[in-house]
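Read through the structure below, which is laid out as structure tokens, and then see the notes.
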Amino acid sequence: MRRVLAALAVVGLALLGGCSSSSSDDGGFQFVAPNGQTQITYPEAQRRPLAPIVGDSLLTPGQQVSSAQDKGQVVVVNIWGSWCGPCRGESPALEQVAQASAARGVRFLGVDVRDDRDAAADFVRSRAVTYPSIFDPPGRSLLVLSGYPRNAVPSTIVLDRQHRVAAVFLTAVLASDLQPVVDRVAAEPAPAPAG
């Protein structure tokens with residue numbers, strides 16, 4: 001209970017301090033799990049933008065990794081930890097979908113939480129994970145996910161090409177769960193250029 005209250009206090013302070021640009025006031029993404037669902041998809045008309053998820057690279061300390069680096073791409077964000085059994089189980093499925101979808105402009109980004117850098121790096125290397133991960137033990141990069149249950153590990157978020165939240169999985173995924181969602185979002189028309 002103390003951890004939950006502490007996490008809520010941190011989120012509240014960050015929002016008051018202007019650290020999150022994704023509050024409901026500015027039309028950004030505000031997570032709500034309808035009826036406790038663990039897989040949620042958002043129709044295009046209901047999608048809200050998500051501020052970039054940014055943090056230190058797991059494998060290249062000192063280098064910043066950001067979802068904003070993949071502008072115009074579908075981005076699949078996976079929240080994981082090397083200590084997490086279901087994360088180990090879903091890792092091959094995530095890599096399979098990442099490889100199968102790359103040619104269609106789909107990028108994957110991991111966010112490693114509550115972890116040790118060496119253990120997390122070993123996890124990535126031993127499972128031949130090819131996409132980058134943010135090393136973020138306290139989960140600060142996730143503060144942009146307003147209302148999101150930060151203790152939901154693993155979880156996966158699919159962003160459309162405008163980096164609006166298109167789908168959320170609050171549980172480990174199978175390739176057969178994730179691939180159809182990624183395919184559908186990748187097939188949507190690209191946004192018209194601004195100007």
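As shown in the structure tokens, the chain order sets the letters A, B, ...; within each chain, residues go from 1, and ligands are also counted from 1 in the order they appear.
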Near-Ala100 of chain A list (10 Å; only C-alpha atoms; drop same-chain fewer than 6 positions) as a PyMOL selection string:
chain A and resi 94+106+179+183
All residues 8 Å or closer to Ser57 of chain A, only C-alpha atoms, same chain fewer than 5 positions away omitted, as a PyMOL selection string:
chain A and resi 62-65+132-135
Residues of segment 97-177 of chain A that have any atom at most 10 Å from an atom of segment 31-43 of chain A: could you tabulate them with the shortest-distance atom pair and the distance in Å to one decimal, using only C-alpha atoms, ordered by chain and increasing number, as CSV?
```
residue,atom,partner,partner_atom,distance
A:Leu145,CA,A:Phe31,CA,7.1
A:Ser146,CA,A:Phe31,CA,6.0
A:Gly147,CA,A:Phe31,CA,4.9
A:Tyr148,CA,A:Phe31,CA,5.3
A:Pro149,CA,A:Phe31,CA,8.5
A:Ala152,CA,A:Thr38,CA,9.9
A:Ser155,CA,A:Thr38,CA,9.2
A:Thr156,CA,A:Gln39,CA,9.5
A:Ile157,CA,A:Ile40,CA,9.6
A:Val158,CA,A:Thr41,CA,9.1
A:Arg164,CA,A:Tyr42,CA,9.4
A:Val165,CA,A:Tyr42,CA,7.2
A:Ala166,CA,A:Tyr42,CA,5.0
A:Ala167,CA,A:Thr41,CA,4.2
A:Val168,CA,A:Ile40,CA,5.1
A:Phe169,CA,A:Gln39,CA,4.6
A:Leu170,CA,A:Thr38,CA,4.8
A:Thr171,CA,A:Thr38,CA,6.4
A:Ala172,CA,A:Thr38,CA,9.7
A:Val173,CA,A:Gln39,CA,9.7
A:Asp177,CA,A:Gln39,CA,9.4
```
Residues just named, written with N, CA and C atoms as an mmCIF file, in the first residue's frame:
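Contents of the output file again.cif:
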```
data_model
loop_
_atom_site.group_PDB
_atom_site.id
_atom_site.type_symbol
_atom_site.label_atom_id
_atom_site.label_comp_id
_atom_site.auth_asym_id
_atom_site.auth_seq_id
_atom_site.Cartn_x
_atom_site.Cartn_y
_atom_site.Cartn_z
ATOM 1 N N LEU A 145 2.424 8.631 -19.345
ATOM 2 C CA LEU A 145 1.250 7.755 -19.449
ATOM 3 C C LEU A 145 0.289 8.067 -18.302
ATOM 4 N N SER A 146 -0.409 9.146 -18.436
ATOM 5 C CA SER A 146 -1.295 9.621 -17.375
ATOM 6 C C SER A 146 -2.356 8.576 -17.025
ATOM 7 N N GLY A 147 -2.393 8.188 -15.749
ATOM 8 C CA GLY A 147 -3.364 7.227 -15.270
ATOM 9 C C GLY A 147 -2.996 5.776 -15.524
ATOM 10 N N TYR A 148 -1.867 5.539 -16.168
ATOM 11 C CA TYR A 148 -1.474 4.176 -16.544
ATOM 12 C C TYR A 148 -0.974 3.418 -15.317
ATOM 13 N N PRO A 149 -1.374 2.145 -15.170
ATOM 14 C CA PRO A 149 -0.908 1.374 -14.013
ATOM 15 C C PRO A 149 0.557 0.975 -14.193
ATOM 16 N N ALA A 152 1.946 -2.581 -13.961
ATOM 17 C CA ALA A 152 1.533 -3.601 -14.934
ATOM 18 C C ALA A 152 2.735 -3.980 -15.796
ATOM 19 N N SER A 155 3.612 -4.978 -19.971
ATOM 20 C CA SER A 155 2.490 -4.400 -20.699
ATOM 21 C C SER A 155 3.020 -3.805 -21.994
ATOM 22 N N THR A 156 2.124 -3.660 -22.948
ATOM 23 C CA THR A 156 2.513 -3.234 -24.289
ATOM 24 C C THR A 156 1.523 -2.193 -24.786
ATOM 25 N N ILE A 157 2.059 -1.153 -25.393
ATOM 26 C CA ILE A 157 1.258 -0.043 -25.908
ATOM 27 C C ILE A 157 1.579 0.120 -27.388
ATOM 28 N N VAL A 158 0.551 0.181 -28.226
ATOM 29 C CA VAL A 158 0.737 0.377 -29.663
ATOM 30 C C VAL A 158 0.342 1.817 -29.997
ATOM 31 N N ARG A 164 -0.447 8.445 -31.384
ATOM 32 C CA ARG A 164 -1.614 8.385 -30.515
ATOM 33 C C ARG A 164 -1.761 6.944 -30.060
ATOM 34 N N VAL A 165 -2.273 6.742 -28.856
ATOM 35 C CA VAL A 165 -2.415 5.385 -28.330
ATOM 36 C C VAL A 165 -3.551 4.680 -29.066
ATOM 37 N N ALA A 166 -3.201 3.586 -29.757
ATOM 38 C CA ALA A 166 -4.175 2.814 -30.528
ATOM 39 C C ALA A 166 -4.614 1.550 -29.802
ATOM 40 N N ALA A 167 -3.726 0.996 -28.966
ATOM 41 C CA ALA A 167 -4.057 -0.237 -28.251
ATOM 42 C C ALA A 167 -3.158 -0.386 -27.032
ATOM 43 N N VAL A 168 -3.690 -1.071 -26.016
ATOM 44 C CA VAL A 168 -2.958 -1.340 -24.791
ATOM 45 C C VAL A 168 -3.190 -2.797 -24.407
ATOM 46 N N PHE A 169 -2.113 -3.486 -24.052
ATOM 47 C CA PHE A 169 -2.181 -4.839 -23.507
ATOM 48 C C PHE A 169 -1.608 -4.765 -22.096
ATOM 49 N N LEU A 170 -2.405 -5.072 -21.090
ATOM 50 C CA LEU A 170 -1.956 -5.023 -19.700
ATOM 51 C C LEU A 170 -1.535 -6.397 -19.196
ATOM 52 N N THR A 171 -1.048 -7.211 -20.093
ATOM 53 C CA THR A 171 -0.641 -8.573 -19.775
ATOM 54 C C THR A 171 0.395 -9.004 -20.804
ATOM 55 N N ALA A 172 1.019 -10.145 -20.586
ATOM 56 C CA ALA A 172 1.944 -10.689 -21.577
ATOM 57 C C ALA A 172 1.186 -10.953 -22.872
ATOM 58 N N VAL A 173 1.889 -10.780 -23.999
ATOM 59 C CA VAL A 173 1.236 -10.966 -25.297
ATOM 60 C C VAL A 173 1.811 -12.175 -26.033
ATOM 61 N N ASP A 177 -1.776 -12.440 -30.657
ATOM 62 C CA ASP A 177 -2.541 -11.315 -30.102
ATOM 63 C C ASP A 177 -2.076 -9.996 -30.705
#
```
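With distances restricted to only C-alpha atoms, A:Gly81 is the closest residue to Asp118 of chain A from A:Pro154, A:Gly28, A:Gly81, A:Pro180.
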I need the residues in segment 11-192 of chain A that are alpha helix (DSSP H) according to DSSP; give them as number ranges by chain.
A: 11-16, 85-101, 117-126, 175-186
Export C-alpha atoms of the chosen residues as a compact mmCIF listing (two decimals), in the first residue's frame?
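Saved as selection-v6.txt:
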```
# COMPACT_ATOMS: atom_id res chain seq x y z
CA VAL A 11 2.81 11.12 -10.32
CA GLY A 12 0.87 13.93 -8.65
CA LEU A 13 4.02 15.99 -8.08
CA ALA A 14 5.16 15.44 -11.66
CA LEU A 15 1.81 16.61 -13.00
CA LEU A 16 1.82 19.66 -10.76
CA GLY A 85 8.69 -14.37 -15.68
CA PRO A 86 5.94 -13.36 -18.14
CA CYS A 87 8.42 -10.93 -19.77
CA ARG A 88 10.75 -13.84 -20.46
CA GLY A 89 7.82 -15.77 -21.90
CA GLU A 90 6.64 -13.03 -24.25
CA SER A 91 10.08 -11.93 -25.46
CA PRO A 92 10.21 -14.27 -28.50
CA ALA A 93 6.73 -13.16 -29.59
CA LEU A 94 7.69 -9.48 -29.41
CA GLU A 95 10.85 -10.08 -31.44
CA GLN A 96 8.86 -12.12 -33.97
CA VAL A 97 6.33 -9.31 -34.49
CA ALA A 98 9.10 -6.68 -34.58
CA GLN A 99 10.90 -8.58 -37.36
CA ALA A 100 7.70 -9.31 -39.30
CA SER A 101 6.51 -5.69 -39.15
CA ARG A 117 21.49 -2.84 -15.87
CA ASP A 118 23.73 -5.92 -16.15
CA ALA A 119 20.84 -8.36 -15.67
CA ALA A 120 18.71 -6.44 -18.19
CA ALA A 121 21.54 -6.31 -20.76
CA ASP A 122 22.08 -10.07 -20.35
CA PHE A 123 18.34 -10.60 -20.86
CA VAL A 124 18.37 -8.64 -24.14
CA ARG A 125 21.52 -10.28 -25.48
CA SER A 126 20.60 -13.85 -24.52
CA ALA A 175 2.38 -13.02 -31.43
CA SER A 176 -1.15 -14.06 -32.39
CA ASP A 177 -2.54 -11.32 -30.10
CA LEU A 178 -0.17 -8.53 -31.11
CA GLN A 179 0.43 -9.10 -34.83
CA PRO A 180 -3.18 -8.47 -35.98
CA VAL A 181 -3.35 -5.22 -33.98
CA VAL A 182 0.00 -4.02 -35.32
CA ASP A 183 -1.01 -4.97 -38.88
CA ARG A 184 -4.28 -3.09 -38.60
CA VAL A 185 -2.65 0.06 -37.23
CA ALA A 186 0.19 -0.09 -39.79
```
Of A:Leu143, A:Ala128, A:Val74, A:Val111, the one nearest to Pro189 of chain A when counting only C-alpha atoms is A:Val74
